[in-house]
Structure formats: C-alpha cells, structure tokens
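Trainee: Sharing a structure below in structure tokens format, with a few things to ask.
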Amino acid sequence: MNDRILDFSIKYGFLILLFGLIIFFSLATNGFSSPRSAVFVLQSVAITGILALGVTCTLVVDGFDLSIGAVATSALMLSAYSMVILEQSALVAVLLCLFMGALVGMINGLLIVRFRVPDLLATLGMMFLLIGLQRIPTQGNSIATGMSLGNGVAAEGTFSKAFLWIGRHRFDLVLERLVPMPVVIFLVIAILIWLFLGFTRHGRMMYAIGSNERAAELVGVKVNNYKIAAYMISGVTASIGGILLAARLGRGDIASGNNLLLDSVAAALIGFAVLGAARPNAFGTAIGALFVGILLQGMTMMNAPYYTQDFVKGAVLVAALVFTFYLSSRRTGSGH
Amino acid sequence: MPVHALEVRGLLKNFGKNRVLKGIDLSLSHGTVTVLMGANGAGKSTLVKIICGYHSADEGELIKAGQAFSPETAADAIAKGVVTVHQSIDDGVIPDLDVANNLLLDRLAEPRSGFFVREGKLRKDAQQVADSMGIDVDMKARVADLSVADRQMIAIARAMARKPEVLILDEPTSSLSATEASRLFALIDRLRDAGVAILYISHRMSDIRRIADRILCMRDGAISGVFEDKPLDYEAAVTAMLGHRMNEVDFTAQVGNGPVLELKDVKLTPTAEAINLTCRDGEVVALIGLLGSGKSRLAEVIYGISRALSGEMLIDGTEYRPASVEQAVQRGVFMSPKDRGSNAVIPAFDITNNMTLPFFAKFSKGSFLSDNRSRARSREMNQQLGVVCQSETDEIGTLSGGNQQKVMIARWLMEPCRVLLLDEPFQGVDIGARRDIGKHIRTSAPGRTTIVFMAEIDEAIEIADRIVVMSEGSIKGEHINKNIELSALISDISGSQVSTAGQNP
C-alpha cells in the first residue's frame with residue numbers, strides 16, 4: 001500500500017503540483033487564467049525551453065553542455081553583425097547562426113570524444129571562448145543601426161522585416177494576434193525532440209549510451225558519432241534560441257541572455273521529476289520550463305518582488321531533484 | 001603448536017541470501033609464501049576484504065600472533081600489522097606526487113610529523129627505504145610517469161614501510177611483464193627471508209611455481225585443498241580449484257561441417273606461440289584457461305575490439321579483418337562479453353530494449369521503432385530461454401542475475417550469425433539458468449560456429465563438442481569432449497607439459 005502511494009507520488013506528484021499551482025494562481029489573482037496570460041507564460045519560457053531541449057539531448061548521452069548560453073548570445077551578436085554591419089539578408093543571418101551553432105556543437109563533441117576532455121570542462125572552455133569572441137568584432141559594444149564604426153562612418157544596415165517577423169509575429173488563435181512565433185517554434189522543436197528521443201532508434205541508442213556506454217559500444221553502436229550529434233543538436237537549438245532573442249530585441253544587445261544557461265539547465269533537470277522518468281526527457285524538459293514560467297508569472301501577478309525569482313527557481317529545482325533521486329532510489333531499493 | 005602469524009577459524013560470510021564464505025579455516029606462518037588460488041566467485045576477494053578490515057565476518061574469528069584480531073577498518077588492520085596491496089595498483093600510490101613523497105606518505109600523515117615538509121631529509125629517508133627494497137628509481141620522478149612494475153614496487157614498498165607482519169598481495173603480476181614480475185619475485189624473496197607472512201593471490205601457474213611455499217585452493221566459498229608437502233603437486237591444486245565433478249553429458253560431441261572461422265598464425269603477445277584454430281559449422285568449441293591465459297584477449301581480437309600482432313583470420317574462406325565491433329557485427333560475428341554488469345546490461349532499459357539493442361534497425365521503419373514488433377520478438381525469446389519475468393517490459397534491474405544473463409545471451413541469439421562468441425556465459429548464474437542457457441546454445445548451434453570462453457572445466461564439459469586449452473597466450477592442447485582424460489586436460493591448463501593425449505590436429 002505504502003509502495004503504491006510512493007509510486008503514485010513519484011509518477012504524478014509533479015504534475016499534480018503544477019495543476020495545483022495553476023488553480024491557486026487563478027483563484028488568488030485576477031486574470032491569471034486567461035488566454036493572454038497563458039500565452040505570456042509560454043512566451044516567457046520559449047527561448048529557455050528551446051535551449052533546455054538541446055541540453056536534454058546532451059544529458060541523454062550522459063554529457064553536459066555548459067556552452068548553450070554563450071552559443072545563444074553569440075548567435076544574437078552574429079545575426080546583428082551580419083545584418084547591421086555586413087548588410088546581409090535575414091536568410092543569410094539565420095543560416096550563418098545555425099551553421100555557427102552546429103560548428104560549435106561539433107567542436108564540443110570532438111573535444112570530448114577525440115581529445116578526451118571531460119564534458120563539463122570542454123563546454124566550460126567553449127563558453128568562455130564564445131563570450132569573449134562575440135565581443136571582439138565590435139570592441140565590446142552592442143550592435144544597432146547607426147552605430148559608429150570608427151573613422152566617422154555609421155553602420156547603415158538594419159534588422160530586416162523578415163528577421164523581426166521571426167521574433168515578433170503573432171498568429172491569430174481564438175483571439176486576434178494571440179500566439180507569438182517563438183512559442184510556435186518552441187512547440188515544434190519540443191515535438192521534434194520528443195519524437196526523436198522517445199520513438200526513433202537513434203534516440204533509443206543515445207539513451208543506451210548514456211546508461212552504459214561500454215555495453216553500447218560492444219554491440220556495435222557508433223558511440224562517438226552519437227555523442228557528437230548530441231552536442232550538435234544542442235548547439236543548433238541554442239543558436240535558434242539566440243536568433244529568436246535577436247529578433248525580439250531588434251538589436252545586438254551585449255548584455256542580454258545572461259540567465260539563459262542556468263534557467264535552461266534548471267528546466268532540463270526539473271524534467272527528470274516529471275512522470276517519474278528519473279532520466280532526461282523532452283516532455284519533462286518542456287513541462288519543467290513551463291513550471292518555472294507559471295510560477296514566476298503567478299508570483300509577479302501577486303506582486304512578489306522581482307528579486308525573489310531566483311530564490312523560487314532554486315527552491316523548485318532542489319525539490320525536483322529530491323523528488324527524482326531520493327524517492328526513486330527508495331523505490332528501486334537501496335542497491336544490491 | 002607454533003604460533004601462526006595469522007589464523008582464520010570458521011569464517012562465515014553471507015551477502016543477503018548469497019553464502020559467500022562457508023566456514024574458512026586457514027593459517028599463515030612467518031617467513032612463508034602461501035598462494036591462494038580460486039576461480040572467479042570462489043570467495044577469495046571477500047576473504048581478503050575481511051582480513052584487511054573492509055568487511056566484517058558474520059561468524060568465526062581471526063587470530064594474529066595468538067591474539068584475537070578484529071580490524072574495524074582498513075586503517076585499523078594496517079595499524080595492527082596486516083597490510084594489503086590490492087590488485088589495482090593505483091589504489092596504492094598517489095600518481096601526481098614524486099617517488100619520495102609516495103614512499104614516505106604514511107610518515108607524512110602521522111600527526112607528529114611537523115607542519116613543514118623537509119624535502120632534503122625526506123628524499124634521503126626515501127632513498128634508504130628504496131635501497132633496502134632493491135628499488136632503483138629516481139626519487140624525484142612523478143609516479144604517474146613510471147612503468148607499471150615500478151609503481152607496483154612502490155606500492156609494495158609503501159606497504160613495507162609500515163613494517164607489517166602479514167602482507168597480502170592480490171594478483172600483483174596481473175599487469176606485469178615477465179621481466180617486471182621477476183623483479184617483484186626477488187622482492188618477495190627478500191621479504192620472506194625477513195620473516196613476513198605472505199598471502200599471495202594468483203592464477204598464474206608460472207608465478208605459483210616460482211614463489212609458492214604452500215598452496216591453498218578455494219572453491220565455492222570453502223577451502224578445497226591445502227598443499228604443503230614438497231614438491232608441491234600443482235596439478236592436484238588446479239583440480240582442487242576448478243573441480244571436476246563429472247556431469248553426465250547428455251549429448252554426443254559433434255564434429256561439425258565445413259570450417260567457418262579459421263585463425264592462422266595469430267600472435268597475441270611477442271613471446272606467445274602463434275595460434276592456429278579452425279572452428280566448424282554446428283560445432284561448439286570451449287576455449288578454457290586461467291585468468292590471464294589470453295582467452296579474453298583472443299575474444300577481443302575476433303570481435304574487432306583489439307588487433308592481433310600478426311596472423312590472419314578467415315570467415316567462410318574469405319579474409320576477415322575487423323577494424324571495429326561494428327564491422328564484426330556486420331560480418332555476422334556476435335559476442336556476449338563477460339562481466340555483464342559493466343559490459344552488457346543497459347540498466348535504464350527494460351528487457352525488450354536490452355535484448356533488441358543491436359538490432360534496432362531491424363525493428364524500425366524509417367528510423368521509428370516499432371515497439372510492438374520488438375516486444376513480440378522479445379516475448380518469443382523469453383519463452384525459448386525460460387526467462388522468469390512478469391512481462392517483456394520489466395526493467396532489467398528487477399531480474400535475477402541468471403535471468404539477466406539469459407536476456408544478454410538472447411540478445412545475440414535473436415538473429416542468425418556466422419560466429420557466436422560467448423565470454424564467460426555462466427558468470428554469476430545459478431545452476432538452473434546455466435542448464436537453460438547451455439541447452440539453448442546447443443540446440444541453436446547448427447548454422448554457425450560457437451566459441452565459448454571459460455575458466456571452469458565442468459562448464460566446458462557441459463556445453464562443448466571440443467575443448468581447447470589456452471595458457472600464456474597460446475594453445476596448449478585440444479580435446480574432443482568424449483571420454484576426456486581429465487588429468488591430461490588439467491596438465492594442459494597448469495602448463496606442466498604439452499599433452500598429446502586426445503589431441504585433434
């Protein structure tokens with residue numbers, strides 16, 4: 001009997017908590033349970049959610065990618081640089097960013113599988129490298145139309161309409177101009193990664209690698225290729241996040257995106273607790289991102305001061321980790 | 001009665017339902033080297049862990065120099081004069097410190113040793129320790145840069161710095177070359193002359209011949225033989241270790257059809273003789289040998305994990321030179337590795353996914369896995385092998401060891417292959433599961449050649465048509481599994497002389 005309660009709470013505890021929160025905020029505040037508010041929550045978590053889905057792939061192969069935040073801000077600066085200073089089209093800017101993300105992911109993967117650098121260290125190094133690199137072309141300045149390029153010349157290029165559309169367009173759904181483009185992209189990526197990890201043989205082999213790399217190698221799985229692929233997925237999704245951020249801001253802001261890394265890692269880790277998976281999974285990651293978004297939105301509407309936000313995120317993360325590791329270790333018994 | 005350096009009386013130890021030690025009595029005397037032999041799972045390491053204070057015994061007592069001895073922790077055992085050098089050398093040294101610091105680490109750890117390290121004095125003292133042991137290395141060299149043998153010597157020298165009365169060496173030569181090992185033996189001789197009681201755990205017959213004063217054999221958690229009359233009867237010791245309860249063999253040995261896998265002049269080590277071996281269709285060949293005999297290395301070579309030094313392999317008459325496991329699998333060479341916990345089981349997966357892992361491509365359409373098809377196939381295999389489970393979606397961790405092993409074997413029996421390699425398929429498997437697995441391997445044998453790598457004679461006789469004995473990286477004899485002359489088999493294993501009886505050219 002006790003076991004069944006434990007099982008049930010491991011499996012559904014987190015989702016019940018989520019619904020409890022939604023009901024609580026709906027009753028306690030005015031207007032929390034409206035479509036506009038729901039979309040606002042989704043919008044606030046879209047970019048972190050996309051990054052979190054990428055880092056989930058690296059967690060699946062028992063790796064870790066600390067460079068995602070830096071990749072995203074690099075994409076932000078790169079897209080601004082290519083449009084404002086190089087005066088390229090939106091398409092070129094987007095392709096450049098995606099290519100950069102894939103390249104960084106590949107370098108991360110090669111550092112880890114070929115040069116045997118531990119994943120945390122390789123991606124930490126890459127993070128620093130990118131944070132520095134993205135500031136060099138503009139001597140540490142933000143990029144905006146009309147900025148001085150030295151010797152009296154001003155940057156002529158602008159963020160193209162098409163590019164801004166990616167970040168700012170809103171689709172009609174029930175209400176006019178309700179669903180923003182980044183939310184649509186978030187949902188599409190979430191579904192793609194969910195299908196890939198959960199239902200394709202490639203995803204299944206990545207889980208095998210994460211669980212017992214040696215065993216996967218001994219049945220002939222191309223372990224190194226899958227690991228590199230995981231980091232490339234992570235790099236590409238992070239660069240998509242950066243593109244959306246740039247399109248929303250409309251300028252290459254050097255200071256934005258500071259919280260991206262920690263928030264998205266938190267979402268992926270909270271995802272371990274969803275449905276008692278106790279392992280990285282796309283559905284859990286998406287729910288984890290939403291959970292944080294809902295909590296912050298609800299608290300904002302209840303007039304909680306902004307500086308309590310990080311504290312609340314941390315508390316949720318710790319609770320989720322206890323859920324995942326303590327409760328499920330009790331379920332499986334304390335080892336053999 | 002002389003006072004023994006260490007005496008063990010009636011030692012019992014259970015891990016859960018598993019009775020690991022079933023009443024061990026033994027004694028170690030000053031100035032003698034006692035060799036402890038035993039196959040995997042005989043309980044050697046548990047015994048050592050109890051003596052060195054890592055585990056506590058359920059029953060029984062340890063007596064050291066006439067006094068009760070019950071170490072609470074490993075440090076306690078060391079303080080009381082019982083020192084163990086474990087198999088993995090790096091537990092005994094700090095790789096990033098230099099030789100002098102390593103040799104005197106224990107002195108540095110003493111509370112009275114002062115706050116600042118006096119490098120000069122340290123180095124001089126360390127040089128003394130090294131000289132007394134006959135170790136000739138630069139005191140300033142980083143231990144990580146030394147050879148395995150030097151590291152091993154330093155680990156032992158460190159142990160000796162504590163002036164132990166009892167020294168336990170757990171497979172100290174397992175990673176040493178022959179010349180390196182001979183330096184170690186010289187050191188052991190010196191310690192024996194100094195009156196240290198040494199317990200030496202090993203499988204290598206050449207080591208045992210070189211240094212043993214007496215031999216203890218363990219089998220299934222009990223002492224199965226004590227040999228102390230000179231000259232020592234090494235063959236009887238191997239028999240006591242491996243046992244040869246004759247099982248009624250209920251099959252007739254098959255000769256097999258055409259050759260499938262041929263090894264030609266395959267050399268595993270520079271000093272070993274080249275291996276020539278032909279395995280035929282429908283035949284089950286058991287490759288037996290002690291730990292370190294090279295059989296696992298040979299399995300790795302055939303499965304594309306490592307390369308032989310020279311020689312070639314053929315499958316169905318065409319050249320076979322796998323550069324990776326993947327290529328081996330593509331050519332129809334499958335292997336179930338030993339130590340399933342670290343090499344085979346995917347703990348996060350259920351039975352179905354564990355079983356179908358190598359063949360995901362066959363169970364998917366356009367990359368999307370069809371769980372229905374793989375589950376149906378896994379259900380079939382579960383029935384064939386008698387896997388005891390609730391359903392084919394049980395987590396692998398909920399199964400017993402024997403059933404997990406059935407799933408690991410089923411993994412490679414699911415698809416037809418040309419060469420099936422099974423490395424220690426009966427490791428950690430109860431007798432019932434062992435029979436089930438053995439029966440299934442034999443009934444499914446036609447259409448491929450099967451090579452089973454194992455240490456136990458009983459197991460080989462139970463499953464194989466032909467038994468090939470390996471020792472020191474080469475083949476020492478072949479026996480058709482029909483009225484086998486056990487003495488010849490055992491003398492092959494212990495390497496006393498090259499047997500001609502029952503050989504199959």
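Quick note on naming: the chains in the structure tokens go A, B, ... in the order shown, residues restart at 1 in each chain, and ligands are numbered from 1 in order of appearance.
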Find the residues near A:Gln134: any atom within 6 Å, counting only C-alpha atoms, skip ones fewer than 3 places away on the same chain, and give them as a list in words.
Mentor: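 Neighbouring residues, sequence-local ones excluded: Ser74, Leu130 and Ile131 of chain A.
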Trainee: With a distance cut-off of 10 Å and only C-alpha atoms, select the neighbouring residues of A:Phe24, excluding the residue or stretch itself and same-chain residues fewer than 6 positions from it, and output the selection as an mmCIF file with N, CA and C atoms, in the first residue's frame.
Mentor:
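Output file around-v3.cif is given in full below:
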```
data_model
loop_
_atom_site.group_PDB
_atom_site.id
_atom_site.type_symbol
_atom_site.label_atom_id
_atom_site.label_comp_id
_atom_site.auth_asym_id
_atom_site.auth_seq_id
_atom_site.Cartn_x
_atom_site.Cartn_y
_atom_site.Cartn_z
ATOM 1 N N LEU A 18 1.821 21.044 -10.359
ATOM 2 C CA LEU A 18 1.676 22.046 -11.419
ATOM 3 C C LEU A 18 0.220 22.510 -11.530
ATOM 4 N N PHE A 32 -5.252 35.575 -14.200
ATOM 5 C CA PHE A 32 -4.202 34.601 -14.463
ATOM 6 C C PHE A 32 -4.682 33.552 -15.455
ATOM 7 N N GLY A 298 2.784 33.795 -12.005
ATOM 8 C CA GLY A 298 1.820 33.879 -10.907
ATOM 9 C C GLY A 298 2.328 34.775 -9.801
#
```
Trainee: List every residue of stretch 128-323 of chain A that DSSP, applied to the backbone of this structure, assigns to strand (DSSP E), and report them as a VMD selection string.
Mentor: chain A and resid 170 to 173 175 to 180
Trainee: With only C-alpha atoms as the atoms that count, which of B:Lys49, B:Arg204, B:Arg411, B:Lys406 lies nearest to chain A?
Mentor: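 Answer, going by the shortest atom-to-atom distance: B:Arg411.
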Trainee: Dump as JSON, numbers by chain the residues of chain A that approach chain B to within 12 Å, counting only C-alpha atoms.
Mentor: {"A": [60, 195, 196, 197, 198, 199, 200, 201, 202, 203, 204, 205, 206, 207, 208, 209, 210, 211, 212, 213, 214, 215, 216, 217, 218, 219, 220, 221, 222, 223, 277, 278, 279, 280, 331, 332, 333, 335, 336]}
Trainee: Please, which residues of stretch 53-212 of chain A, numbered as in this document, come out helix (DSSP H, G or I) from DSSP, as a ChimeraX atom specification?
Mentor: /A:53-60,68-85,90-113,119-133,161-168,181-199,201-211
